[in-house]
file my_file.cif (mmCIF, C-alpha atoms)
data_structure
loop_
_atom_site.label_atom_id
_atom_site.label_comp_id
_atom_site.auth_asym_id
_atom_site.auth_seq_id
_atom_site.Cartn_x
_atom_site.Cartn_y
_atom_site.Cartn_z
CA MET A 1 0.00 0.00 0.00
CA LYS A 2 1.61 3.22 -1.14
CA ASP A 3 -0.81 5.69 0.37
CA MET A 4 -2.14 5.38 3.89
CA ARG A 5 -4.80 8.09 3.43
CA THR A 6 -8.45 7.11 3.08
CA PRO A 7 -10.29 8.13 -0.14
CA LEU A 8 -12.36 10.62 1.87
CA ASN A 9 -9.29 12.25 3.31
CA LYS A 10 -7.81 12.71 -0.17
CA VAL A 11 -10.74 14.75 -1.46
CA ARG A 12 -11.69 16.61 1.72
CA GLY A 13 -11.51 20.38 1.21
CA LEU A 14 -11.16 20.18 -2.55
CA GLY A 15 -14.74 21.12 -3.45
CA SER A 16 -16.59 20.67 -6.74
CA ALA A 17 -13.76 22.10 -8.84
CA LYS A 18 -11.35 19.56 -7.28
CA GLU A 19 -8.81 22.31 -6.69
CA GLY A 20 -9.77 23.54 -3.24
CA THR A 21 -8.66 27.07 -2.47
CA ASP A 22 -5.64 26.85 -4.79
CA HIS A 23 -6.84 29.52 -7.24
CA PHE A 24 -8.04 31.87 -4.48
CA TRP A 25 -4.80 31.47 -2.55
CA LYS A 26 -2.51 32.14 -5.52
CA GLN A 27 -4.62 35.13 -6.55
CA HIS A 28 -4.21 36.63 -3.09
CA VAL A 29 -0.52 35.83 -2.66
CA THR A 30 0.30 37.47 -6.01
CA ALA A 31 -2.01 40.38 -5.09
CA PHE A 32 -0.12 40.95 -1.86
CA ALA A 33 3.22 40.78 -3.67
CA ASN A 34 1.93 43.12 -6.38
CA VAL A 35 1.13 45.86 -3.86
CA PHE A 36 4.86 46.29 -3.20
CA LEU A 37 6.14 45.33 -6.64
CA ILE A 38 3.80 47.64 -8.56
CA CYS A 39 4.64 50.53 -6.20
CA PHE A 40 8.30 49.99 -7.05
CA PHE A 41 7.46 49.82 -10.74
CA VAL A 42 5.37 53.00 -10.74
CA ILE A 43 8.06 54.95 -8.85
CA MET A 44 10.68 53.62 -11.28
CA VAL A 45 8.67 54.68 -14.35
CA ILE A 46 8.02 58.16 -12.90
CA SER A 47 11.72 58.63 -12.10
CA MET A 48 12.53 57.72 -15.71
CA GLN A 49 10.11 60.33 -17.15
CA GLY A 50 11.69 61.88 -20.22
CA SER A 51 14.96 59.94 -19.90
CA SER A 52 17.02 59.09 -22.96
CA HIS A 53 17.56 55.50 -24.09
CA ASP A 54 21.04 55.47 -22.51
CA ASP A 55 19.70 56.53 -19.13
CA VAL A 56 16.89 53.98 -19.22
CA ILE A 57 19.31 51.18 -20.10
CA GLU A 58 21.67 52.39 -17.37
CA THR A 59 18.87 52.11 -14.77
CA LEU A 60 17.50 48.78 -16.00
CA ARG A 61 21.00 47.30 -16.10
CA ASN A 62 21.33 47.58 -12.33
CA PRO A 63 21.02 43.95 -11.12
CA LEU A 64 18.71 44.89 -8.26
CA VAL A 65 16.37 46.75 -10.61
CA SER A 66 16.45 43.83 -13.07
CA ILE A 67 15.62 41.29 -10.37
CA VAL A 68 12.73 43.29 -8.91
CA LEU A 69 11.44 44.03 -12.42
CA LEU A 70 11.45 40.30 -13.19
CA LEU A 71 9.44 39.73 -10.01
CA VAL A 72 7.00 42.47 -11.05
CA ILE A 73 6.50 40.71 -14.38
CA LEU A 74 6.16 37.19 -12.91
CA SER A 75 3.77 38.13 -10.13
CA GLY A 76 1.78 40.53 -12.31
CA VAL A 77 1.36 38.17 -15.24
CA TYR A 78 0.41 35.25 -13.01
CA HIS A 79 -2.12 37.42 -11.18
CA MET A 80 -3.71 38.61 -14.41
CA LYS A 81 -3.82 35.09 -15.84
CA LEU A 82 -5.81 33.94 -12.80
CA GLY A 83 -8.04 37.02 -12.94
CA MET A 84 -8.91 36.71 -16.62
CA GLN A 85 -9.61 33.01 -16.08
CA VAL A 86 -12.36 33.94 -13.59
CA ILE A 87 -13.86 36.48 -16.00
CA ILE A 88 -13.93 33.88 -18.78
CA GLU A 89 -15.46 31.25 -16.51
CA ASP A 90 -18.11 33.75 -15.37
CA TYR A 91 -19.28 34.96 -18.77
CA ILE A 92 -18.54 32.29 -21.38
CA HIS A 93 -20.80 29.29 -21.01
CA SER A 94 -20.42 27.28 -24.23
CA ASP A 95 -17.82 24.58 -23.75
CA GLY A 96 -15.91 25.06 -26.99
CA LEU A 97 -15.55 28.82 -26.73
CA LYS A 98 -14.68 28.60 -23.04
CA PHE A 99 -11.99 26.04 -23.81
CA LEU A 100 -10.51 28.23 -26.56
CA SER A 101 -10.68 31.41 -24.43
CA LEU A 102 -8.96 29.77 -21.48
CA MET A 103 -6.23 28.53 -23.78
CA ALA A 104 -5.88 31.96 -25.44
CA ASN A 105 -5.62 33.49 -21.96
CA THR A 106 -2.72 31.20 -21.09
CA PHE A 107 -0.96 31.89 -24.41
CA PHE A 108 -1.41 35.66 -24.15
CA CYS A 109 -0.02 35.74 -20.61
CA ALA A 110 2.89 33.49 -21.57
CA PHE A 111 3.69 35.72 -24.53
CA ILE A 112 3.56 38.95 -22.52
CA GLY A 113 5.47 37.39 -19.63
CA PHE A 114 8.27 35.85 -21.67
CA GLY A 115 8.47 38.92 -23.93
CA CYS A 116 9.04 41.19 -20.92
CA ILE A 117 11.42 38.75 -19.23
CA PHE A 118 13.49 38.39 -22.41
CA ALA A 119 13.73 42.17 -22.76
CA VAL A 120 14.79 42.68 -19.13
CA LEU A 121 17.37 39.88 -19.32
CA LYS A 122 18.76 41.17 -22.63
CA ILE A 123 19.24 44.63 -21.13
CA GLY A 124 20.55 43.21 -17.86
CA PHE A 125 23.13 41.02 -19.57
CA GLY A 126 24.18 43.98 -21.70
CA GLY A 127 23.05 42.63 -25.11
CA MET B 1 -44.35 19.40 -13.38
CA SER B 2 -44.31 17.49 -16.64
CA ASN B 3 -44.96 20.62 -18.70
CA ALA B 4 -42.22 22.67 -17.00
CA ASP B 5 -40.23 24.79 -19.41
CA LEU B 6 -36.81 23.33 -18.72
CA ARG B 7 -34.80 25.14 -21.35
CA GLY B 8 -36.27 28.47 -22.31
CA ASN B 9 -38.34 30.96 -20.42
CA ARG B 10 -37.72 30.02 -16.84
CA PRO B 11 -37.59 32.92 -14.38
CA LEU B 12 -34.04 33.99 -13.68
CA SER B 13 -32.61 35.51 -10.56
CA PRO B 14 -32.45 39.30 -10.85
CA HIS B 15 -29.32 40.69 -12.44
CA LEU B 16 -27.60 44.07 -12.71
CA GLN B 17 -30.41 45.98 -14.45
CA ILE B 18 -32.87 45.18 -11.62
CA TYR B 19 -30.87 46.69 -8.79
CA LYS B 20 -30.34 50.34 -8.01
CA PRO B 21 -26.62 50.96 -8.46
CA ILE B 22 -24.96 51.41 -5.08
CA LEU B 23 -21.37 52.40 -4.37
CA THR B 24 -20.05 48.99 -3.26
CA MET B 25 -21.59 47.41 -6.35
CA VAL B 26 -20.09 50.02 -8.67
CA MET B 27 -16.67 49.51 -7.03
CA SER B 28 -16.98 45.77 -7.55
CA ILE B 29 -17.78 46.24 -11.23
CA LEU B 30 -14.96 48.79 -11.63
CA HIS B 31 -12.55 46.34 -10.01
CA ARG B 32 -13.29 43.79 -12.71
CA ILE B 33 -13.25 46.35 -15.55
CA THR B 34 -9.94 47.88 -14.43
CA GLY B 35 -8.51 44.37 -14.03
CA ALA B 36 -9.45 43.48 -17.59
CA ALA B 37 -8.11 46.83 -18.87
CA LEU B 38 -4.79 46.28 -17.09
CA TYR B 39 -4.64 42.82 -18.65
CA PHE B 40 -4.50 44.34 -22.12
CA GLY B 41 -2.50 47.31 -20.85
CA THR B 42 0.44 44.97 -20.25
CA ILE B 43 0.89 45.06 -24.02
CA LEU B 44 2.11 48.65 -23.54
CA LEU B 45 4.56 47.54 -20.84
CA ALA B 46 5.87 44.67 -22.97
CA TRP B 47 6.20 46.95 -25.99
CA TRP B 48 8.12 49.54 -23.97
CA LEU B 49 10.54 47.00 -22.47
CA ILE B 50 11.12 45.25 -25.79
CA ALA B 51 11.68 48.62 -27.45
CA ALA B 52 14.29 49.47 -24.81
CA ALA B 53 15.98 46.13 -25.50
CA ALA B 54 15.78 46.66 -29.29
CA GLY B 55 17.87 49.83 -29.38
CA PRO B 56 17.79 53.64 -29.25
CA ASP B 57 15.99 54.26 -32.56
CA TYR B 58 13.06 52.00 -31.89
CA PHE B 59 12.94 53.12 -28.24
CA ASP B 60 12.67 56.77 -29.30
CA PHE B 61 9.84 55.86 -31.69
CA VAL B 62 7.85 54.15 -28.90
CA ASN B 63 8.75 56.87 -26.40
CA ASP B 64 7.40 59.53 -28.78
CA LEU B 65 4.19 57.53 -29.23
CA TYR B 66 3.72 57.26 -25.46
CA GLY B 67 4.59 60.93 -25.04
CA SER B 68 1.99 62.15 -27.56
CA ILE B 69 -1.31 63.59 -26.37
CA LEU B 70 -3.17 60.36 -27.10
CA GLY B 71 -0.36 58.32 -25.55
CA ARG B 72 -0.43 60.38 -22.37
CA LEU B 73 -4.21 60.07 -22.20
CA VAL B 74 -3.97 56.28 -22.46
CA LEU B 75 -1.18 56.17 -19.86
CA PHE B 76 -3.20 58.41 -17.54
CA GLY B 77 -6.10 55.96 -17.80
CA PHE B 78 -3.65 53.11 -17.29
CA THR B 79 -2.36 54.76 -14.10
CA TRP B 80 -5.87 55.25 -12.75
CA ALA B 81 -6.83 51.65 -13.55
CA LEU B 82 -3.68 50.42 -11.82
CA VAL B 83 -4.18 52.52 -8.68
CA HIS B 84 -7.90 51.77 -8.54
CA HIS B 85 -7.37 48.04 -8.95
CA MET B 86 -4.67 48.11 -6.27
CA LEU B 87 -6.84 49.96 -3.73
CA GLY B 88 -9.77 47.66 -4.59
CA GLY B 89 -7.41 44.74 -4.12
CA LEU B 90 -6.35 45.99 -0.68
CA ARG B 91 -10.06 45.95 0.21
CA HIS B 92 -10.22 42.33 -0.92
CA LEU B 93 -7.17 41.51 1.20
CA VAL B 94 -8.93 43.01 4.23
CA TRP B 95 -12.00 40.89 3.45
CA ALA B 96 -9.77 37.82 2.99
CA MET B 97 -8.66 38.35 6.60
CA GLY B 98 -12.34 38.11 7.59
CA LYS B 99 -12.66 41.80 8.44
CA GLY B 100 -14.47 44.82 6.99
CA PHE B 101 -17.82 43.23 6.15
CA GLY B 102 -19.93 45.58 8.30
CA LYS B 103 -22.11 48.27 6.71
CA GLU B 104 -19.94 51.16 7.85
CA ALA B 105 -16.62 49.48 6.99
CA ARG B 106 -17.60 48.46 3.47
CA GLU B 107 -19.10 51.87 2.68
CA TRP B 108 -16.02 53.60 4.05
CA MET B 109 -13.68 51.36 2.06
CA ALA B 110 -15.69 51.84 -1.15
CA LYS B 111 -15.48 55.63 -0.76
CA ALA B 112 -11.78 55.46 0.09
CA THR B 113 -11.16 53.38 -3.03
CA ILE B 114 -12.66 55.84 -5.51
CA ILE B 115 -11.47 59.02 -3.78
CA GLY B 116 -8.04 57.47 -3.21
CA SER B 117 -7.64 56.23 -6.77
CA VAL B 118 -8.53 59.54 -8.39
CA SER B 119 -6.40 61.67 -6.06
CA LEU B 120 -3.41 59.28 -6.08
CA THR B 121 -3.47 59.20 -9.89
CA LEU B 122 -3.47 62.99 -10.04
CA ILE B 123 -0.65 63.20 -7.47
CA LEU B 124 1.45 60.66 -9.37
CA TRP B 125 1.03 62.61 -12.63
CA ILE B 126 1.84 65.92 -10.99
CA ILE B 127 5.02 64.35 -9.58
CA GLY B 128 5.74 62.94 -13.03
CA TYR B 129 5.48 66.36 -14.65
CA VAL B 130 7.61 67.99 -11.93
CA VAL B 131 10.32 65.32 -12.31
CA GLY B 132 10.25 65.13 -16.13
#

call {"tool": "encode", "arguments": {"input": "my_file.cif", "output": "structure tokens"}}
result
Amino acid sequence: MKDMRTPLNKVRGLGSAKEGTDHFWKQHVTAFANVFLICFFVIMVISMQGSSHDDVIETLRNPLVSIVLLLVILSGVYHMKLGMQVIIEDYIHSDGLKFLSLMANTFFCAFIGFGCIFAVLKIGFGG
Amino acid sequence: MSNADLRGNRPLSPHLQIYKPILTMVMSILHRITGAALYFGTILLAWWLIAAAAGPDYFDFVNDLYGSILGRLVLFGFTWALVHHMLGGLRHLVWAMGKGFGKEAREWMAKATIIGSVSLTLILWIIGYVVG
């Protein structure tokens, strides 16, 4: 016997969606992180107002700025992926369209996320 | 109930158009709308970062676009959506802790969200213009 847990114990707390509070929890953890990360981001953008390309690169090249910016992107994109998923699940009821929308949501977020990450890394590594 | 209309014209629970709009409800709707707007607004962020990575010429092109009247208007809306969604989110974090459900608390938080988001956005843009 590999698993000592009873069948009831395995499903307890998971609810009808079989995921428990996983979605809710991740949405709130990323929300909490975003409060600080987005504040940093907004202050950074305001301080760069009207800067030349050289100055912007100079700022973004700072490892600390790069790292926090990557966190902004990761936490933000994950948060918005979860959020848009709820909107889709609330308003789109036909199975096929819901399936396609949920997939498009994932692809859009992946594209935005990896696009931003690539740009930050390219600047950070001096390319 | 053999002749019950199972598919079509069954009575539905009342939706938005039935209720008088109240502040907490409007804030809830705005939270979702600003969230969805920010979702597509990330295209602007990605474009800006990729332009910075692409080189000075392309960066200047995007910078000029964002600095135009229309660009500034969009970015101003973006800022408001961001601040509003963040303040609305703080409200949700308070609720997630099991607090702030009383009549006074939720009314107070709804007012603080809209007043806070508009004034913070204005303050941020004034600072932006002073710095820039």

call {"tool": "closest_atom_pairs", "arguments": {"input": "my_file.cif", "of": "chain B", "to": "chain A", "cutoff": "10 Å", "atoms": "all atoms listed in the file", "output": "tab-separated table"}}
result
residue	atom	partner	partner_atom	distance
B:Arg32	CA	A:Ile87	CA	8.0
B:Ile33	CA	A:Ile87	CA	9.9
B:Gly35	CA	A:Gly83	CA	7.4
B:Ala36	CA	A:Met84	CA	6.9
B:Leu38	CA	A:Met80	CA	8.2
B:Tyr39	CA	A:Met80	CA	6.0
B:Phe40	CA	A:Phe108	CA	9.4
B:Thr42	CA	A:Ile112	CA	7.2
B:Ile43	CA	A:Ile112	CA	6.8
B:Leu44	CA	A:Ile112	CA	9.9
B:Leu45	CA	A:Cys116	CA	7.8
B:Ala46	CA	A:Cys116	CA	5.1
B:Trp47	CA	A:Cys116	CA	8.2
B:Trp48	CA	A:Cys116	CA	8.9
B:Leu49	CA	A:Ala119	CA	5.8
B:Ile50	CA	A:Ala119	CA	5.0
B:Ala51	CA	A:Ala119	CA	8.2
B:Ala52	CA	A:His53	CA	6.9
B:Ala53	CA	A:Ala119	CA	5.3
B:Ala54	CA	A:Ala119	CA	8.2
B:Gly55	CA	A:His53	CA	7.8
B:Pro56	CA	A:His53	CA	5.5
B:Asp57	CA	A:His53	CA	8.7
B:Tyr58	CA	A:His53	CA	9.7
B:Phe59	CA	A:His53	CA	6.7
B:Asp60	CA	A:His53	CA	7.3
B:Asn63	CA	A:Gly50	CA	8.5
B:Asp64	CA	A:Gly50	CA	9.9
B:Gly67	CA	A:Gly50	CA	8.6
B:Thr79	CA	A:Val42	CA	8.6
B:Leu82	CA	A:Ile38	CA	8.6
B:Val83	CA	A:Ile38	CA	9.4
B:Met86	CA	A:Val35	CA	6.7
B:Leu87	CA	A:Val35	CA	9.0
B:Gly89	CA	A:Ala31	CA	7.0
B:Leu90	CA	A:Phe32	CA	8.1
B:His92	CA	A:His28	CA	8.6
B:Leu93	CA	A:His28	CA	7.1
B:Ala96	CA	A:His28	CA	8.3
B:Leu124	CA	A:Ile46	CA	7.9
B:Trp125	CA	A:Ile46	CA	8.3
B:Ile127	CA	A:Ile46	CA	7.6
B:Gly128	CA	A:Ile46	CA	5.3
B:Tyr129	CA	A:Gln49	CA	8.0
B:Val130	CA	A:Gln49	CA	9.6
B:Val131	CA	A:Ser47	CA	6.8
B:Gly132	CA	A:Gln49	CA	4.9

call {"tool": "atom_distance", "arguments": {"input": "my_file.cif", "atom1": "CA of Ile22 (chain B)", "atom2": "CA of Gly98 (chain B)"}}
result
22.3 Å

call {"tool": "atom_distance", "arguments": {"input": "my_file.cif", "atom1": "CA of Glu107 (chain B)", "atom2": "CA of Tyr19 (chain B)"}}
result
17.2 Å

call {"tool": "atom_distance", "arguments": {"input": "my_file.cif", "atom1": "CA of Trp80 (chain B)", "atom2": "CA of Leu102 (chain A)"}}
result
27.1 Å
